[in-house]
Amino acid sequence: MRETYYVTTPIYYVNDVPHIGHSYTTIAADVLARYFRAAGRDVRFLTGTDEHGIKIVKAAAERGMSPKELADEVVVHFQDLWADLNISYDDFIRTSEERHEKRVQAMVRHLVDRDEIYSGRYEGLYDESQEEFVTESVARDNDYKSHISGKPLVRYSEDAYFFRLGKWVPRLMEHVESHPEFILPAARRNEVLSKLRQGVDDLCISRASEKLGGWGIPMPNDPNHSVYVWIDALSNYYTALGWPDVGDAHDGDHTRYWPADVHLIGKDILWFHAVYWPCMLMALDRPLPRCIFAHGWWTSEGKRMQKTLGNFVSRETIASICREYSVDVYRYFLMRAMAFGADGDFSRTALRKRYNNELANNIGNLLNRTLNMIEQYFGGKVPIPASVGAQEQPVLDAAEHLRDGATKLMEVCACHTYLDKVMDLVSATNRYVDTTAPFKLAKDESQRERLGTILYTCVEAVRIVLMYLSPLMPDTMAAGLAQINWKAPPGRTIEELASWGQLPPGGQTQKGQPLFPRKL
Ligand code: ME8
């Protein structure tokens, strides 16, 4: 098994404040990071902000600020939200930082030296809201509007530099075809492949600096031009690790963490990640990331999120959900409500329903009734189990399936299937309580040993459930694990800790506040 795990989120534009979409990718990355830390890997988790480009220049001008002032103001919203949502990133990169700018220049310099870049003239259309060059035919199909924002495309005509993208496409296709996990989910991979088969032009990778008011990273071979914002942005995944070496304090980490294990992104930015970025890396003779995973988009209350529709899940909405439920419940809902990779809908009603059904009735209730019975029948001490039999088997099997599959599932970002397995164990244990009816056995003193086995089985299953839910709901699960008096011996992996029977009998349980009080 690999020792390290490197996961990244997109770096977010600072033209506007964060919303549910940003929080989704970041929470998913955090869940993966926390899982792999628990699995014993040396994790590097990177997020940050994308601060150059015309979109930021225009947003700043509208607010009467310089781009740098706008970035400095908005970056705080992202950092605060990540602190609120308990995001355990290791590094936060801003593309306006010197450590990044110097390395982008060094990278572009390598490309120039390798004759991967040539000068020419760009005559065509540009989608300023997506920072994307658009071909005439695609523009026509979309009525000369952005396919994402619907804003009119802008015509550019200027001298520019081009990257020999087309030259690398055959090799990229070979790589995509021979590495089924390079682009996930599979449906997205097929979309990329079919678009690649239609042929790809070289990529314009610069913009006249004056058009950007000088805001951007100067091309190292021609300071009158700035590096195209997507080239600048994609590089962050590598520059944050200190590549290329430029002789400053940040040199070095890349040898340990590169190639990235997964770039988590939304489906709208797959093409940049699955085509431009790997082709650049091939041109630089660097290893490719192992996986690019494109998740789906949230609608809200059944409609596309729009500020004017009043259904925008803003930072304020997120804060109010966290106040009403908790940060952990918000994290859980996002990861549970839509299969990772598919689209899904956010609604307060769906959130309440899932909260009551799954968290309050299933998980919280299982913990509560287990602790109640241990308290009532064993003075709160974890009972000693006798031998397990056929009735226990479905619970043990569910725990084993979970333990067996967890890492493999997380390696392909199948967070929803991972959660299904946790919920299978919860259901198996709730069914077990119903069929073994410990509250009836408790009335018969001769069944005391059996009662001990049943309650041990319950509390042990609860322990494993809480451990596997910890990457999603770290604080709440820590509170639950304290209630059953679980103290994990240090230095052991989740897989080791989740093998059956690790909870020592005799420990004093401590029934506390319900983890998930029912909401009316
Ligand atoms: O694209 N549901 O930044 P960004 C789910 N700077 N995800 C959503 C969403 C929704 N409704 N709306 C947006 C950029 N997103 C670039 C990235 S990376 C080198 C540069 C997601 O701030 C979207 O899919 O516009 C994207 O992954 C992310 O928010 C960042 O968007």
# chains A, B, ... in the order shown; residues from 1 in each chain; ligands from 1
call {"tool": "closest_atom_pairs", "arguments": {"of": "chain A", "to": "ligand 1", "cutoff": "7 Å", "atoms": "only C-alpha atoms and all ligand atoms", "output": "JSON lines"}}
result
{"residue": "A:Pro10", "atom": "CA", "partner": "ligand 1", "partner_atom_place_in_ligand_line": "18 (S)", "distance": 3.8}
{"residue": "A:Ile11", "atom": "CA", "partner": "ligand 1", "partner_atom_place_in_ligand_line": "18 (S)", "distance": 4.6}
{"residue": "A:Tyr12", "atom": "CA", "partner": "ligand 1", "partner_atom_place_in_ligand_line": "22 (O)", "distance": 3.6}
{"residue": "A:Tyr13", "atom": "CA", "partner": "ligand 1", "partner_atom_place_in_ligand_line": "22 (O)", "distance": 4.1}
{"residue": "A:Ile20", "atom": "CA", "partner": "ligand 1", "partner_atom_place_in_ligand_line": "10 (C)", "distance": 6.6}
{"residue": "A:Gly21", "atom": "CA", "partner": "ligand 1", "partner_atom_place_in_ligand_line": "7 (N)", "distance": 3.5}
{"residue": "A:His22", "atom": "CA", "partner": "ligand 1", "partner_atom_place_in_ligand_line": "29 (O)", "distance": 4.6}
{"residue": "A:Tyr24", "atom": "CA", "partner": "ligand 1", "partner_atom_place_in_ligand_line": "5 (C)", "distance": 6.4}
{"residue": "A:Thr25", "atom": "CA", "partner": "ligand 1", "partner_atom_place_in_ligand_line": "27 (O)", "distance": 6.8}
{"residue": "A:Asp50", "atom": "CA", "partner": "ligand 1", "partner_atom_place_in_ligand_line": "6 (N)", "distance": 5.0}
{"residue": "A:Trp230", "atom": "CA", "partner": "ligand 1", "partner_atom_place_in_ligand_line": "19 (C)", "distance": 6.6}
{"residue": "A:Ala233", "atom": "CA", "partner": "ligand 1", "partner_atom_place_in_ligand_line": "19 (C)", "distance": 4.4}
{"residue": "A:Leu234", "atom": "CA", "partner": "ligand 1", "partner_atom_place_in_ligand_line": "19 (C)", "distance": 4.0}
{"residue": "A:Asn236", "atom": "CA", "partner": "ligand 1", "partner_atom_place_in_ligand_line": "19 (C)", "distance": 6.8}
{"residue": "A:Ile265", "atom": "CA", "partner": "ligand 1", "partner_atom_place_in_ligand_line": "27 (O)", "distance": 4.3}
{"residue": "A:Gly266", "atom": "CA", "partner": "ligand 1", "partner_atom_place_in_ligand_line": "24 (O)", "distance": 3.1}
{"residue": "A:Lys267", "atom": "CA", "partner": "ligand 1", "partner_atom_place_in_ligand_line": "24 (O)", "distance": 5.5}
{"residue": "A:Asp268", "atom": "CA", "partner": "ligand 1", "partner_atom_place_in_ligand_line": "24 (O)", "distance": 5.2}
{"residue": "A:Ile269", "atom": "CA", "partner": "ligand 1", "partner_atom_place_in_ligand_line": "1 (O)", "distance": 6.0}
{"residue": "A:Gly296", "atom": "CA", "partner": "ligand 1", "partner_atom_place_in_ligand_line": "5 (C)", "distance": 5.9}
{"residue": "A:Trp297", "atom": "CA", "partner": "ligand 1", "partner_atom_place_in_ligand_line": "2 (N)", "distance": 3.4}
{"residue": "A:Trp298", "atom": "CA", "partner": "ligand 1", "partner_atom_place_in_ligand_line": "2 (N)", "distance": 3.9}
{"residue": "A:Thr299", "atom": "CA", "partner": "ligand 1", "partner_atom_place_in_ligand_line": "11 (N)", "distance": 5.9}
{"residue": "A:Met305", "atom": "CA", "partner": "ligand 1", "partner_atom_place_in_ligand_line": "11 (N)", "distance": 6.4}
call {"tool": "write_last_selection", "arguments": {"atoms": "N, CA, C and O atoms", "output": "short mmCIF file (atom, residue, chain, number, x, y, z; two decimals), in the first residue's frame"}}
result
data_model
loop_
_atom_site.label_atom_id
_atom_site.label_comp_id
_atom_site.auth_asym_id
_atom_site.auth_seq_id
_atom_site.Cartn_x
_atom_site.Cartn_y
_atom_site.Cartn_z
N PRO A 10 -10.57 22.06 -6.07
CA PRO A 10 -10.27 23.16 -6.99
C PRO A 10 -9.86 24.36 -6.15
O PRO A 10 -10.21 24.44 -4.97
N ILE A 11 -9.13 25.28 -6.75
CA ILE A 11 -8.92 26.53 -6.03
C ILE A 11 -10.04 27.46 -6.50
O ILE A 11 -10.34 27.54 -7.69
N TYR A 12 -10.69 28.10 -5.55
CA TYR A 12 -11.93 28.80 -5.84
C TYR A 12 -11.69 30.24 -6.25
O TYR A 12 -10.81 30.92 -5.71
N TYR A 13 -12.52 30.70 -7.20
CA TYR A 13 -12.41 32.10 -7.64
C TYR A 13 -12.81 33.04 -6.50
O TYR A 13 -13.77 32.75 -5.78
N ILE A 20 -22.82 26.45 -1.32
CA ILE A 20 -22.90 25.00 -1.08
C ILE A 20 -21.95 24.20 -2.01
O ILE A 20 -21.35 23.22 -1.59
N GLY A 21 -21.85 24.63 -3.28
CA GLY A 21 -21.03 23.89 -4.24
C GLY A 21 -19.57 23.82 -3.79
O GLY A 21 -18.94 22.76 -3.82
N HIS A 22 -19.05 24.98 -3.36
CA HIS A 22 -17.67 24.99 -2.87
C HIS A 22 -17.53 24.11 -1.63
O HIS A 22 -16.56 23.39 -1.46
N TYR A 24 -19.21 21.61 -0.83
CA TYR A 24 -19.36 20.18 -1.16
C TYR A 24 -18.02 19.54 -1.50
O TYR A 24 -17.62 18.54 -0.92
N THR A 25 -17.32 20.14 -2.47
CA THR A 25 -16.02 19.57 -2.87
C THR A 25 -15.06 19.54 -1.69
O THR A 25 -14.32 18.58 -1.50
N ASP A 50 -8.16 30.95 -6.44
CA ASP A 50 -7.75 31.26 -7.81
C ASP A 50 -7.99 32.76 -7.96
O ASP A 50 -9.14 33.20 -7.98
N TRP A 230 -6.10 29.64 -16.47
CA TRP A 230 -6.25 28.20 -16.18
C TRP A 230 -4.90 27.48 -16.08
O TRP A 230 -4.75 26.53 -15.33
N ALA A 233 -3.75 28.46 -12.74
CA ALA A 233 -4.53 27.81 -11.67
C ALA A 233 -4.23 26.32 -11.54
O ALA A 233 -4.00 25.81 -10.44
N LEU A 234 -4.21 25.62 -12.68
CA LEU A 234 -3.99 24.16 -12.61
C LEU A 234 -2.63 23.83 -11.99
O LEU A 234 -2.49 22.84 -11.26
N ASN A 236 -1.27 24.99 -9.57
CA ASN A 236 -1.24 25.11 -8.11
C ASN A 236 -1.05 23.76 -7.41
O ASN A 236 -0.45 23.68 -6.36
N ILE A 265 -13.02 17.62 -8.26
CA ILE A 265 -13.50 18.82 -8.96
C ILE A 265 -14.99 18.66 -9.26
O ILE A 265 -15.54 17.57 -9.12
N GLY A 266 -15.63 19.74 -9.71
CA GLY A 266 -17.00 19.66 -10.20
C GLY A 266 -16.99 19.34 -11.69
O GLY A 266 -16.00 19.61 -12.38
N LYS A 267 -18.11 18.82 -12.18
CA LYS A 267 -18.15 18.35 -13.57
C LYS A 267 -17.90 19.46 -14.59
O LYS A 267 -17.44 19.19 -15.69
N ASP A 268 -18.19 20.71 -14.23
CA ASP A 268 -18.03 21.80 -15.20
C ASP A 268 -16.58 22.11 -15.53
O ASP A 268 -16.30 22.77 -16.52
N ILE A 269 -15.65 21.65 -14.68
CA ILE A 269 -14.25 21.99 -14.95
C ILE A 269 -13.41 20.74 -15.26
O ILE A 269 -12.20 20.74 -15.10
N GLY A 296 -21.02 15.80 -9.25
CA GLY A 296 -22.16 16.46 -9.90
C GLY A 296 -22.48 17.79 -9.26
O GLY A 296 -21.73 18.29 -8.42
N TRP A 297 -23.58 18.35 -9.68
CA TRP A 297 -23.99 19.67 -9.20
C TRP A 297 -25.24 19.59 -8.36
O TRP A 297 -26.11 18.76 -8.60
N TRP A 298 -25.30 20.49 -7.40
CA TRP A 298 -26.48 20.63 -6.56
C TRP A 298 -27.46 21.59 -7.21
O TRP A 298 -27.08 22.67 -7.64
N THR A 299 -28.73 21.15 -7.22
CA THR A 299 -29.79 22.12 -7.43
C THR A 299 -30.32 22.41 -6.05
O THR A 299 -29.93 21.75 -5.08
N MET A 305 -29.59 26.71 -8.70
CA MET A 305 -29.41 27.76 -7.69
C MET A 305 -29.19 29.10 -8.34
O MET A 305 -28.33 29.25 -9.20
#
call {"tool": "residues_around", "arguments": {"residues": "range 239-244 of chain A", "least_positions_apart": "5", "cutoff": "12 Å", "atoms": "only C-alpha atoms", "output": "JSON, numbers by chain"}}
result
{"A": [6, 7, 8, 11, 44, 45, 46, 47, 48, 49, 90, 91, 92, 93, 94, 95, 97, 98, 99, 100, 101, 102, 103, 104, 105, 106, 107, 108, 109, 110, 231, 232, 233, 234, 249, 250, 251, 252, 253, 254, 255, 256, 257, 258, 259, 260, 281, 284, 286]}
call {"tool": "closest_residue", "arguments": {"among": "A:His273, A:Arg197, A:Lys145, A:Lys511", "to": "Phe182 in chain A", "atoms": "only C-alpha atoms"}}
result
A:His273
call {"tool": "select_by_dssp", "arguments": {"residues": "range 30-192 of chain A", "states": "alpha helix (DSSP H)", "output": "number ranges by chain"}}
result
A: 30-38, 54-62, 67-84, 98-113, 136-141, 165-178, 186-192
call {"tool": "residues_around", "arguments": {"residues": "Lys519 in chain A", "least_positions_apart": "4", "cutoff": "12 Å", "atoms": "only C-alpha atoms", "output": "list in words"}}
result
Glu324, Tyr325, Thr349, Leu351, Arg352, Lys353, Arg354, Tyr355, Asn356, Asn357, Leu359, Ala360 and Asn361 of chain A
call {"tool": "write_last_selection", "arguments": {"atoms": "C-alpha atoms", "output": "compact mmCIF listing (two decimals), in the first residue's frame"}}
result
# COMPACT_ATOMS: atom_id res chain seq x y z
CA GLU A 324 -30.15 24.43 13.71
CA TYR A 325 -28.50 20.98 13.43
CA THR A 349 -37.32 19.06 3.91
CA LEU A 351 -32.40 17.36 5.22
CA ARG A 352 -34.91 17.10 8.06
CA LYS A 353 -36.19 13.74 6.82
CA ARG A 354 -32.76 12.24 6.53
CA TYR A 355 -31.73 13.67 9.86
CA ASN A 356 -34.69 12.14 11.67
CA ASN A 357 -34.68 8.82 9.81
CA LEU A 359 -29.23 10.05 12.32
CA ALA A 360 -31.84 10.32 15.08
CA ASN A 361 -33.83 7.10 14.61
call {"tool": "residues_around", "arguments": {"residues": "range 66-82 of chain A", "least_positions_apart": "4", "cutoff": "12 Å", "atoms": "only C-alpha atoms", "output": "ChimeraX atom specification"}}
result
/A:11-20,22-27,29-30,47-62,86-97,212-216,314-319,322,327,331
call {"tool": "write_last_selection", "arguments": {"atoms": "C-alpha atoms", "output": "short mmCIF file (atom, residue, chain, number, x, y, z; two decimals), in the first residue's frame"}}
result
data_model
loop_
_atom_site.label_atom_id
_atom_site.label_comp_id
_atom_site.auth_asym_id
_atom_site.auth_seq_id
_atom_site.Cartn_x
_atom_site.Cartn_y
_atom_site.Cartn_z
CA ILE A 11 -8.92 26.53 -6.03
CA TYR A 12 -11.93 28.80 -5.84
CA TYR A 13 -12.41 32.10 -7.64
CA VAL A 14 -12.41 35.11 -5.36
CA ASN A 15 -14.93 37.10 -7.42
CA ASP A 16 -17.69 36.03 -5.06
CA VAL A 17 -18.25 34.45 -1.66
CA PRO A 18 -18.53 30.66 -1.15
CA HIS A 19 -21.74 28.62 -1.44
CA ILE A 20 -22.90 25.00 -1.08
CA HIS A 22 -17.67 24.99 -2.87
CA SER A 23 -18.44 23.45 0.50
CA TYR A 24 -19.36 20.18 -1.16
CA THR A 25 -16.02 19.57 -2.87
CA THR A 26 -14.12 20.73 0.17
CA ILE A 27 -16.08 18.56 2.61
CA ALA A 29 -11.89 16.17 0.20
CA ASP A 30 -11.86 16.52 3.97
CA THR A 47 -7.13 23.81 -1.07
CA GLY A 48 -6.88 27.49 -1.96
CA THR A 49 -8.02 30.36 -4.12
CA ASP A 50 -7.75 31.26 -7.81
CA GLU A 51 -7.09 34.97 -7.83
CA HIS A 52 -6.03 36.01 -11.35
CA GLY A 53 -7.98 36.38 -14.60
CA ILE A 54 -10.41 38.81 -16.18
CA LYS A 55 -13.28 37.62 -14.00
CA ILE A 56 -11.55 38.87 -10.86
CA VAL A 57 -10.33 42.05 -12.57
CA LYS A 58 -13.91 42.91 -13.57
CA ALA A 59 -15.46 41.96 -10.23
CA ALA A 60 -12.91 44.17 -8.47
CA ALA A 61 -13.56 47.09 -10.83
CA GLU A 62 -17.31 46.82 -10.21
CA ASN A 86 -13.94 21.78 10.41
CA ILE A 87 -11.89 21.34 7.25
CA SER A 88 -8.50 19.83 8.05
CA TYR A 89 -6.47 21.09 5.10
CA ASP A 90 -2.69 21.02 5.35
CA ASP A 91 -2.04 23.87 2.97
CA PHE A 92 -3.99 26.77 1.50
CA ILE A 93 -2.52 28.23 -1.66
CA ARG A 94 -3.35 31.60 -3.14
CA THR A 95 -2.28 32.05 -6.75
CA SER A 96 -1.12 35.59 -5.96
CA GLU A 97 1.51 34.25 -3.57
CA LEU A 212 -5.81 42.57 -17.34
CA GLY A 213 -4.55 45.83 -15.89
CA GLY A 214 -1.30 44.01 -15.18
CA TRP A 215 -3.04 41.50 -12.83
CA GLY A 216 -1.60 38.07 -13.57
CA SER A 314 -25.21 30.77 0.55
CA ARG A 315 -22.78 30.95 3.42
CA GLU A 316 -25.59 32.37 5.55
CA THR A 317 -27.86 29.43 4.71
CA ILE A 318 -25.05 27.01 5.56
CA ALA A 319 -24.49 28.82 8.87
CA CYS A 322 -25.21 24.38 11.18
CA VAL A 327 -21.71 21.28 11.33
CA ARG A 331 -21.35 17.46 6.34
#
call {"tool": "residues_around", "arguments": {"residues": "Val459 in chain A", "least_positions_apart": "6", "cutoff": "10 Å", "atoms": "only C-alpha atoms", "output": "PyMOL selection string"}}
result
chain A and resi 366-367+369-371+374+382-383+429+465+484+503+509
call {"tool": "select_by_dssp", "arguments": {"residues": "range 330-428 of chain A", "states": "strand (DSSP E or B)", "output": "list in words"}}
result
Phe340, Ala342, Gly344, Asp345, Phe346 and Lys381 of chain A
call {"tool": "closest_residue", "arguments": {"among": "A:Gly40, A:Pro152, A:Gly501, A:Pro289", "to": "Thr407 in chain A", "atoms": "only C-alpha atoms"}}
result
A:Gly40
